[in-house]
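Notes follow once the structure below has been shown.
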Amino acid sequence: MTPPSSGPVFAVSDGAHNGNPDFFFLPPMFKNPNTSPNFEPAAFNPNLRPAVEICLLGLPAPDGTRDCVGAPVTRFSPSQISLNSTDQLYQVNWNTALSNLNLANFYRIQVLVGTRVLGFADVDPVVSLTGTQLQNLQTGEFIPLVDGRTLPIKFRIETGVLCATDGTPCNSSTINLNTGGTIELLGAGEDFKFDIRPGTSATFGGNTITDVTFNLEVCSGIDVDLPTFGPCLRVSTYFDGVGTGELAFSQPLLVSLCVLNSVYHTPDETRQEDLITLHQQDGTLIRALPHADPNCDSPIGQRGSGWSWLRSLAAQLLAPTPAYAATRSAVLHVGAGGETGSTGSSCTPPSSAPTPVPGLQMATTCPPSSPTVNGSAPQPAAAALLSPARTVSDFQFALPAKMDYLNRADADRTAPPGTALPTAVVVTDWDDHPVQGAHVTFVEPAIEGPPTIIGTATSNSDGVAQILWTIRAGPNTAVATGRGIAAQNNYPGGTVKPFMPDIDSPDPESPVALGTGRVQFTANGVAFGSLSFTQQPTNTPSGEPITPALQIQLLDPSGNPLSETVRVTVGNDPSNPAGCLVLQTSTLALEGVAVIDNVRVNGMCTGARVAATAGGGSFGFPIIFSDRFDITAPSVSLAVDFTGGTDVPLETSIPYLATVTNNGTGTLASVLVQAYIDQGVASRAAGGAVMTGCAPGSSDGVLPPGPCSINRVLVASNLTAGTGTLVAGPATGRITVVWAGVTVATVLVPITITP
C-alpha cells in the first residue's frame with residue numbers, strides 16, 4: 001500500500017530516482033533503468049567491491065524523513081557480492097527469513113563502497129495470501145521473492161559513481177592491498193597511473209585496513225600562487241574502518257603522470273624545467289615532493305647530466321622511503337618509513353570555515369559530499385546519507401619560487417598623500433633566475449578581521465610582480481603575499497630558498513612543507529616641500545671643505561620660505577665616480593635657509609655631485625643633487641736638503657732630508673716619498689718610504705696639516721727598478737711625494753754619478 005501524504009516520507013536513491021547518476025537498482029527491485037538519461041551502456045565499472053546492508057529505519061524526523069538506526073539487520077561483505085560481467089551487474093541474494101524482519105517496522109536496503117553509500121531503497125515487509133513479501137515504499141509495488149523468502153538484490157555501478165561532479169573524468173577501483181593493483185585515468189590530456197605494490201598493508205586510526213577503494217579524478221588545482229603545470233589529480237579513498245587521521249601504507253604507492261610534453265621534455269630541457277616539482281595537498285598542508293625517475297613505459301625529460309642525481313633511485317624504490325617525483329612524469333612514494341606516510345588527511349573541513357583570502361590562506365579542498373540532488377521530497381534523506389571520501393590528496397606540478405624586494409629602497413618610503421608608488425617584488429627560482437607566472441597579492445593588514453586587498457599581479461618574464469600603491473596621509477603598510485612562495489619571513493635571519501627538496505644535494509631528498517611568504521612595505525604619506533642649491537659646490541682639493549660654503553633654500557608645499565626649523569643633510573651622490581667621496585654632514589635650516597660650511601671631500605675625480613635632503617618637520621622633502629664639480633689633488637709642497645753634497649758613487653747612496661708640507665686643513669693618508677735618478681734615456685728608482693712619525697701615535701703614511709721631515713738616502717744603482725743603464729757623469733735626482741697613488745709634489749736636483 002502507499003503511505004498517506006501526511007505520513008512518513010520514504011525514499012529511493014539511484015540514477016533513475018534523482019540519486020547518484022552512476023548507480024542503478026535493477027529488477028526485480030525496480031524496472032530496467034536503461035531508458036534513464038543517466039544510463040551509460042559502456043560505462044559499467046567491474047573493479048569495485050561493494051557491500052550491501054539492510055538496516056532498520058527509525059522514527060520519522062520533523063520533516064518526515066527517516067534514517068537507519070542501530071547496527072545493520074543484515075550485512076553482506078564485499079566477498080559475498082558476486083560480479084556478473086556479462087550482464088554488467090553486481091548481485092547478492094537476501095534470504096529475508098534469516099533476518100527476523102518485524103512486520104511493524106520499515107527497512108532500508110543500501111549499497112556501499114567503504115562507508116560511502118551509493119544508493120538505497122526503503123521497503124516494508126507485509127503478509128499476503130502467498131506469504132511474506134516486500135513492498136517498495138517508493139512505488140507501492142510488491143517485490144516478488146524467490147521461494148517466498150529470497151530477494152535477489154541486483155545493481156549496476158558505472159565509472160563515475162565516486163566522482164565529485166558528474167561528468168568529471170574519473171576512475172575508481174577497489175584494491176586488496178596484499179594483492180596490489182593498478183588504476184589508470186585518462187583525462188584532461190593526461191595519462192594518470194596509480195600503483196599499489198603487492199604485499200602492502202595499511203592502518204587507519206590504529207586499525208588494519210585490507211581493502212581500499214581509490215578514486216582518481218581531475219581536480220581544479222592545488223591552492224598555491226606558484227606557476228603550475230599540467231592538470232591536477234585528486235586521489236580519494238573509501239574503506240571500512242573507524243577513526244580519523246591519515247591512511248598510512250607499509251609500502252610505497254606510485255602516482256605517475258605519463259603524457260609526453262614537447263615543451264618541457266626535449267633533449268635541450270632547461271635547468272628551470274628540471275626544477276618543476278610535483279606537489280601534494282592534504283587539506284591545508286601542501287608539500288613539495290622529491291624528484292625521481294618517472295614511472296612510465298618511456299621515461300621522458302631525461303638528460304645524462306640533468307638527471308645524474310637519480311643514480312641510486314632503483315634501490316630506493318623497493319623500500320618505504322620519502323616521496324619522489326619527476327618533472328611532469330612523476331612518481332609519488334607513500335611509505336610508513338618516510339616523511340610522506342599517507343594518502344591524505346581525513347576530509348572534514350569546519351562547517352563554518354572562513355573564506356580564504358588570496359595569498360594569505362591555504363584553502364581546504366574537500367570534494368562535495370555527493371553529486372547535486374534535485375527532485376522529489378524523499379531526497380533530503382538521500383543527500384544526508386552520502387558521506388565524503390575518507391581521505392583526499394591532490395597532486396599537481398608547480399615551479400618552486402621565492403620573492404624579495406625588487407628595490408630594497410622601496411621597503412620604507414615617504415611620499416605625498418595620493419601618490420601612486422610603484423611597488424614590486426621579484427620572484428626567482430632555486431638558482432635566482434626569474435620566474436614568470438607567479439601570482440602575488442598585495443594586502444593592507446588589519447588589526448581585526450581579514451586584510452584588505454590592494455591589488456594583485458602576475459610576475460612577468462623578468463620575475464617582477466608590481467602594482468601601483470596609492471598612499472594616504474600618515475603611516476601606510478602593504479604586504480606582498482604568495483601561497484607557497486618563500487620569503488624572508490619563512491627564514492628569519494637565514495638564506496631564503498624556495499620550498500622544495502635540494503635536488504643538488506648528495507643526500508636523499510625529503511618532502512618540504514610549503515608556507516606563505518610575506519614581503520612588507522611601509523610608506524609615510526606627508527606633504528612635500530622643495531629644496532634648491534643657492535650656492536653650488538666649486539672645485540675642491542681632496543681632504544678640504546667645499547668653499548664657499550654650500551647654501552640650500554627650503555620652501556614649504558605652498559612655495560613659501562619654510563618657517564619651521566628642520567635638519568638639512570648633505571652627502572655623497574651614490575652615482576659619483578669611484579674613488580671620490582663627499583662626506584656626510586648636516587645642519588639646521590633657519591628661516592628656510594641652510595648654510596653648510598664644513599662639507600669635506602676625499603679622493604680625486606671629475607664630475608662629482610653633492611646629494612641633499614631635509615627632515616624632522618611637518619613636511620617631506622625630496623633628495624636633490626648639486627651641479628657637478630671636481631675633487632682635485634691635495635695641496636702638498638716638498639723641500640729637500642742634500643747636506644753631504646750631491647755626488648753619488650755608482651751602486652751606493654748619499655743621505656738627504658725631505659720635508660713634506662700638507663698645506664690643507666685635513667689629514668692625508670697613504671703618503672710616501674719616492675726618489676728616481678734620470679740620465680738620458682735611463683731612469684732608475686732611487687729609494688722611497690712612507691711618511692712616519694709625523695704626529696704622536698699616528699700610523700705610517702699619515703700626514704697631518706703642516707710640515708713633516710723624513711731622512712732618506714738617494715741610491716744610484718742599475719739593480720733597482722727602471723730602464724736603461726746609469727753611468728758615471730751628470731744626472732738628475734727626481735724626488736716626489738705620492739698620495740693615494742698620485743704624485744702631488746716633485747723636486748728636481750742636479751747630481752753627479754761617480755765611478
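In the C-alpha cells, the first chain shown is A, the next is B, and so on; residue numbers restart at 1 for each chain, and ligands run from 1 in the order shown.
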Can you tell me, as a ChimeraX atom specification, what residues are no more than 12 Å from A:Val427 when counting only C-alpha atoms, ignoring any on the same chain fewer than 4 positions away? /A:225-227,399-406,431-440,457-466,480-482,484-487,496-498,517,519
Writer output for current selection, C-alpha atoms, as a compact mmCIF listing (two decimals), in the first residue's frame:
```txt
# COMPACT_ATOMS: atom_id res chain seq x y z
CA ASP A 225 50.32 31.02 -6.11
CA LEU A 226 53.25 29.34 -7.85
CA PRO A 227 53.15 28.76 -11.62
CA LEU A 399 57.70 25.65 -10.09
CA PRO A 400 59.03 26.40 -6.57
CA ALA A 401 59.96 30.05 -6.13
CA LYS A 402 60.94 32.75 -3.66
CA MET A 403 60.41 36.51 -3.64
CA ASP A 404 62.12 39.66 -2.37
CA TYR A 405 62.08 43.41 -2.88
CA LEU A 406 62.80 44.41 -6.46
CA ASP A 431 69.11 29.37 -8.94
CA ASP A 432 67.97 33.01 -8.63
CA HIS A 433 66.62 33.06 -12.19
CA PRO A 434 63.35 34.93 -12.89
CA VAL A 435 60.09 33.02 -12.50
CA GLN A 436 57.21 34.01 -14.76
CA GLY A 437 53.56 33.36 -13.93
CA ALA A 438 53.63 33.54 -10.12
CA HIS A 439 50.62 35.26 -8.54
CA VAL A 440 51.34 37.86 -5.85
CA ALA A 457 49.98 41.00 -10.01
CA THR A 458 51.43 38.12 -12.03
CA SER A 459 55.20 38.02 -12.39
CA ASN A 460 56.48 38.83 -15.89
CA SER A 461 59.40 37.36 -17.81
CA ASP A 462 61.79 39.28 -15.53
CA GLY A 463 60.10 37.78 -12.47
CA VAL A 464 58.64 41.17 -11.49
CA ALA A 465 55.17 41.44 -9.94
CA GLN A 466 54.23 45.10 -9.50
CA ALA A 480 53.15 41.24 -0.79
CA THR A 481 52.00 37.67 -0.16
CA GLY A 482 52.12 34.41 -2.06
CA GLY A 484 53.89 28.64 -1.50
CA ILE A 485 56.25 31.49 -2.50
CA ALA A 486 59.06 31.64 0.06
CA ALA A 487 60.26 34.94 1.55
CA VAL A 496 65.77 32.28 1.58
CA LYS A 497 65.27 29.25 -0.67
CA PRO A 498 62.13 28.05 -2.47
CA GLY A 517 55.78 34.28 2.02
CA VAL A 519 57.32 41.00 2.00
```
Need to verify the contact set: stretch 558-571 of chain A, 8 Å, only C-alpha atoms, exclusion of same-chain residues closer than 3 positions in sequence. Can you return it as a PyMOL selection string? chain A and resi 529-530+553-555+582-592+594+599+610-617
Residues just named, written with C-alpha atoms as a CSV table (one decimal), in the first residue's frame:
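Full text of part.csv as output:
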```csv
chain,number,residue,atom,x,y,z
A,529,GLY,CA,58.3,70.9,0.3
A,530,SER,CA,61.2,71.7,-2.1
A,553,GLN,CA,66.9,77.2,0.3
A,554,LEU,CA,63.8,75.3,1.6
A,555,LEU,CA,60.2,76.1,0.6
A,582,VAL,CA,81.5,63.7,-0.3
A,583,LEU,CA,81.5,63.2,3.4
A,584,GLN,CA,78.1,63.4,5.1
A,585,THR,CA,77.2,66.2,7.4
A,586,SER,CA,74.1,68.2,8.5
A,587,THR,CA,73.0,71.4,9.9
A,588,LEU,CA,69.7,73.2,10.9
A,589,ALA,CA,67.9,75.3,8.4
A,590,LEU,CA,66.7,78.7,9.8
A,591,GLU,CA,64.1,80.7,8.1
A,592,GLY,CA,64.2,78.5,5.1
A,594,ALA,CA,70.7,76.2,5.4
A,599,VAL,CA,81.4,69.7,3.7
A,610,VAL,CA,76.5,66.6,-3.6
A,611,ALA,CA,73.3,65.0,-2.5
A,612,ALA,CA,71.0,66.8,-0.1
A,613,THR,CA,67.6,66.3,1.7
A,614,ALA,CA,65.8,67.5,4.8
A,615,GLY,CA,63.7,66.1,7.5
A,616,GLY,CA,62.3,66.5,11.0
A,617,GLY,CA,59.5,68.9,10.3
```
Set the distance at 12 Å and use only C-alpha atoms: which residues neighbour A:Pro541 once local chain neighbours fewer than 6 positions away are removed? I'd like the list as a ChimeraX atom specification. /A:547,580-582,599-606,629-636,662-666,668,744
Taking only stretch 47-117 of chain A into account, list the residues labelled strand (DSSP E or B) by DSSP (computed from the backbone), as a ChimeraX atom specification. /A:51-57,68-76,82-84,89-95,107-113,116-117
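Considering only C-alpha atoms, the residue among A:Ala578, A:Ala288, A:Ala675, A:Cys708 positioned nearest to A:Pro696 is A:Cys708.
We find atom CA of A:Asn524 and atom CA of A:Gly474 to be spaced 5.3 Å apart.
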